[in-house]
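J.: Could you have a look at this structure, given as structure tokens, before my questions?
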Amino acid sequence: MEYFLQQLINGVTLGAIYGLIAIGYTMVYGIIGMINFAHGEVYMIGAFISIITFIVLGLIGITFIPLALMVVLLSAMVFTAAYGWTIERVAYGPLRGSFRLAPLISAIGMSLFLQNYVQLVQGARVKPMQPVITGGFEFFQGSGFTVRLSYIQIIIVVLTIALMVGFTFLIQRTALGRAQRACEQDMGMAALVGIDVNRTISLTFVMGAMLAAVAGMMVTLYYGVIDFFIGFLAGVKAFTAAVLGGIGSLPGAMLGGLLIGLIEAFWSAYFSVEYKDVAVFVILVLTLIFKPTGLLGKPDIEKV
Amino acid sequence: MTRTPLLQVEHLTMRFGGLIAVNDISFTAYDREITAIIGPNGAGKTTVFNCLTGFYNAPVGRLRLTGARGEFLLERMDGFRIAQKGGVARTFQNIRLFPQMTVLENLIIAQHNTLMRASGYTAAGLFGLKSYRDAEREAVELARSWLDRLGLTAQADWEAGNLPYGSQRRLEIARAMCTKPVLLCLDEPAAGLNPRESGELRELLTEIRDRRRIGVLLIEHDMSVVMGISDHIVVLDYGRLIADGTPAEVRSDPAVIRAYLGEEDTDQIPPEVARNLRQGGRV
């Protein structure tokens, strides 16, 4: 029971991170119908920018943790957003109106480019970071297994929930969110009511990148090690989460992220740690075979 | 009343490979008038609309819009700027609402630019500042007033795609009006409407002209609508302009009758068809 509870806590934390990344996949797919394979790399860059900012803050002597966290969060979001915007402008924007595969291929190229760029600039070695936030609550101390709920896990889950609420509000209630939904349904018509379609698409990438940056920062804090290759696996898993939840659906991405996190945690706990990635990708295969629209995705109904 | 030119089309030409869809067309649409563009199928009417609204960039010709918002050369503008800055709104032959948005949202999205500005490009909207909430309330009021006018208030929260066909047509016109245009382009608004609905449409269009005081450009096959409400008719055939004048002038123009009924048969127009054409029935 205690063991189960511990895995539940770990799974939810992991799921929050996957969910944040998955939103980036699902939004881009929703609006321009392409899978942004470079999104995992955007998340990796977010993690790197976080670690760099932490080091810079340490050098200039800002050691008050809450302040440092806020600064890192902002800087990661801003710089990663700039990456997201640039990637869209350079690699996808010029291919709009081209055949469907073109931006997809461009995305794979972008992904390889970013991996190698970070490897060259930052080196291939693993970057460690000292734990910034330590401590937490402990339950069931008397029994054989102590359940730990660390502060960092609480921060991750709370921040994720806050971001998702804010984000849902943005999509449902603001002019920008409405424009995004309009572009999703009919880009030509959206332009005719005066919506700047290109800018709306760019902002979609920017928003996805911001959320991925937060995920990157959380991972840096949570695991304490990052390298230039972390974007690949996290990206594919978040993509799996988006597909499981129903690609194109925002609540779907959140739910999918949570489920993938839980599956990974429980599989590691009760079956084998070595095969946890296999378990996740089996889910991807099963979803694509038996329910390609995902859990919350809407099927494409062709009206006659 | 003096007529103010609103849209001056000069030497507009549009080719698709070897096909000349629009060949050297010039005409003027006036402010606060309904200008109808008629002609047989394939005459190039919709192509003219597509050039106007930035779907195509016409290689030859000038489209000068002199509206309340200033003077614009539409052929040089991006699609969304034509709507945003110039104030040209449009509807489609095959209705293009945002089918998965609610009826009300379809009218609010049309006021996107006002709201986007009021929301300080999203920041104010996200934190729910008062200026944005006020702007949004106004947008909803305008939208509701149109729903009242069209009798769609009860369906405000339906998904637009689930509305009956005739209501979708009217909603599309309302959405175009919610962008606060200076020129409203309607592509066959009466297509598929029953006689009662097309009567309502005529009322709506004259009201838009007389009360909202904007120019309307109308492509239409239903002659009862065209002859009944147009101030001015432009006739196209095979991409060329063959007649331009008041409904009475156009109706008796031999070139127009030829275009509709064919060259050889001019002498043998069945009398009932000719009468129908003259009285404004459906050709």
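Ligands are numbered from 1 in the order shown, chains are lettered A, B, ... in the order of the structure tokens, and residues start at 1 in each chain.
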List the neighbours of Ala212 in chain A out to 6 Å using only C-alpha atoms; skip same-chain residues closer than 3 positions along the sequence, and give me the result as a list in words.
T.: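 The residues that qualify are Ile21, Tyr43, Ala209 and Ala215 of chain A.
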J.: Could you list, as number ranges by chain, every residue of chain A that has an atom within 8 Å of an atom of chain B, counting only C-alpha atoms?
T.: A: 166, 169-170, 173-176, 178-179, 182, 185-186, 189-197
J.: How would the residues just picked look written out with C-alpha atoms as a PDB file, in the first residue's frame?
T.:
```pdb
ATOM      1  CA  GLY A 166      -4.437  29.606 -17.056  1.00  0.00           C
ATOM      2  CA  PHE A 169      -8.700  30.100 -19.826  1.00  0.00           C
ATOM      3  CA  LEU A 170      -6.535  31.659 -22.516  1.00  0.00           C
ATOM      4  CA  ARG A 173     -11.844  33.174 -23.207  1.00  0.00           C
ATOM      5  CA  THR A 174      -9.305  35.500 -24.787  1.00  0.00           C
ATOM      6  CA  ALA A 175      -9.237  36.966 -28.266  1.00  0.00           C
ATOM      7  CA  LEU A 176      -6.012  35.123 -29.039  1.00  0.00           C
ATOM      8  CA  ARG A 178     -10.537  32.390 -30.078  1.00  0.00           C
ATOM      9  CA  ALA A 179      -8.339  33.272 -33.058  1.00  0.00           C
ATOM     10  CA  ALA A 182     -10.790  29.877 -35.676  1.00  0.00           C
ATOM     11  CA  GLN A 185     -11.209  25.316 -38.240  1.00  0.00           C
ATOM     12  CA  ASP A 186     -10.713  27.449 -41.349  1.00  0.00           C
ATOM     13  CA  MET A 189     -11.999  32.347 -43.360  1.00  0.00           C
ATOM     14  CA  ALA A 190     -10.074  33.429 -40.264  1.00  0.00           C
ATOM     15  CA  ALA A 191      -8.050  35.790 -42.451  1.00  0.00           C
ATOM     16  CA  LEU A 192     -11.282  37.173 -43.880  1.00  0.00           C
ATOM     17  CA  VAL A 193     -12.497  38.298 -40.483  1.00  0.00           C
ATOM     18  CA  GLY A 194      -9.175  40.089 -40.050  1.00  0.00           C
ATOM     19  CA  ILE A 195      -7.138  37.559 -38.087  1.00  0.00           C
ATOM     20  CA  ASP A 196      -3.405  37.587 -38.767  1.00  0.00           C
ATOM     21  CA  VAL A 197      -3.074  33.848 -39.364  1.00  0.00           C
TER      22      VAL A 197
END
```
J.: Identify, with DSSP run on backbone atoms, the residues in range 85-210 of chain A assigned to strand (DSSP E), and express the list as a ChimeraX atom specification.
T.: /A:127-128,136-139,147-150
J.: Take the selection from the previous step and output its residues with N, CA and C atoms, as a short mmCIF file (atom, residue, chain, number, x, y, z; two decimals), in the first residue's frame.
T.:
```
data_model
loop_
_atom_site.label_atom_id
_atom_site.label_comp_id
_atom_site.auth_asym_id
_atom_site.auth_seq_id
_atom_site.Cartn_x
_atom_site.Cartn_y
_atom_site.Cartn_z
N LYS A 127 25.15 17.29 -17.60
CA LYS A 127 25.28 18.49 -16.77
C LYS A 127 24.58 18.25 -15.43
N PRO A 128 25.33 18.23 -14.37
CA PRO A 128 24.69 18.02 -13.08
C PRO A 128 24.28 19.36 -12.46
N GLY A 136 10.90 17.59 2.39
CA GLY A 136 9.56 17.21 2.01
C GLY A 136 8.85 16.58 3.18
N PHE A 137 7.71 15.98 2.88
CA PHE A 137 6.96 15.31 3.95
C PHE A 137 7.25 13.82 3.91
N GLU A 138 7.14 13.21 5.05
CA GLU A 138 7.29 11.75 5.09
C GLU A 138 6.09 11.16 5.82
N PHE A 139 5.55 10.11 5.23
CA PHE A 139 4.40 9.46 5.85
C PHE A 139 4.74 8.02 6.19
N VAL A 147 6.85 6.66 2.86
CA VAL A 147 6.42 7.35 1.64
C VAL A 147 6.90 8.79 1.71
N ARG A 148 7.59 9.25 0.64
CA ARG A 148 8.11 10.61 0.62
C ARG A 148 7.35 11.45 -0.40
N LEU A 149 6.98 12.62 0.05
CA LEU A 149 6.41 13.58 -0.88
C LEU A 149 7.29 14.82 -0.75
N SER A 150 8.17 15.02 -1.74
CA SER A 150 9.14 16.12 -1.59
C SER A 150 8.52 17.45 -2.01
#
```
J.: Compile the contact shell of Leu221 in chain A as a VMD selection string: residues with an atom at most 9 Å away, counting only C-alpha atoms, same-chain residues fewer than 6 positions apart removed.
T.: chain A and resid 51 129 to 133 152
J.: Which one of B:Cys185, B:Val226, B:Leu204, B:Leu7 sits closest to Ala36 in chain B if you count only C-alpha atoms?
T.: B:Val226
J.: For CA of Leu6 in chain B and CA of Ile34 in chain B, quote the distance in Å rounded to one decimal.
T.: 11.2 Å
J.: If you run DSSP on the backbone here, which positions in range 211-255 of chain A get helix (DSSP H, G or I)? Please write them as a VMD selection string.
T.: chain A and resid 211 to 223 230 to 245 250 to 255
J.: Neighbours of range 245-247 of chain A within 10 Å (only C-alpha atoms; same-chain residues fewer than 4 positions away dropped), as a VMD selection string?
T.: chain A and resid 19 22 to 23 25 to 30 33 35 239 to 241 251 to 260 287 291 to 299
J.: Would you mind telling me which residue in B:Arg211, B:Arg169, B:His232, B:Arg15 lies nearest to Ala191 in chain B when using only C-alpha atoms?
T.: B:Arg169
J.: Write out as a list in words the residues lying within 12 Å of Arg100 in chain A, counting only C-alpha atoms and excluding same-chain residues fewer than 6 positions away.
T.: Ile32, Gly33, Met34, Ile35, Tyr92, Ser106 and Ala107 of chain A
J.: Please report the interatomic distance between CA of Leu233 in chain A and CA of Gln122 in chain A in Å with one decimal.
T.: 19.2 Å
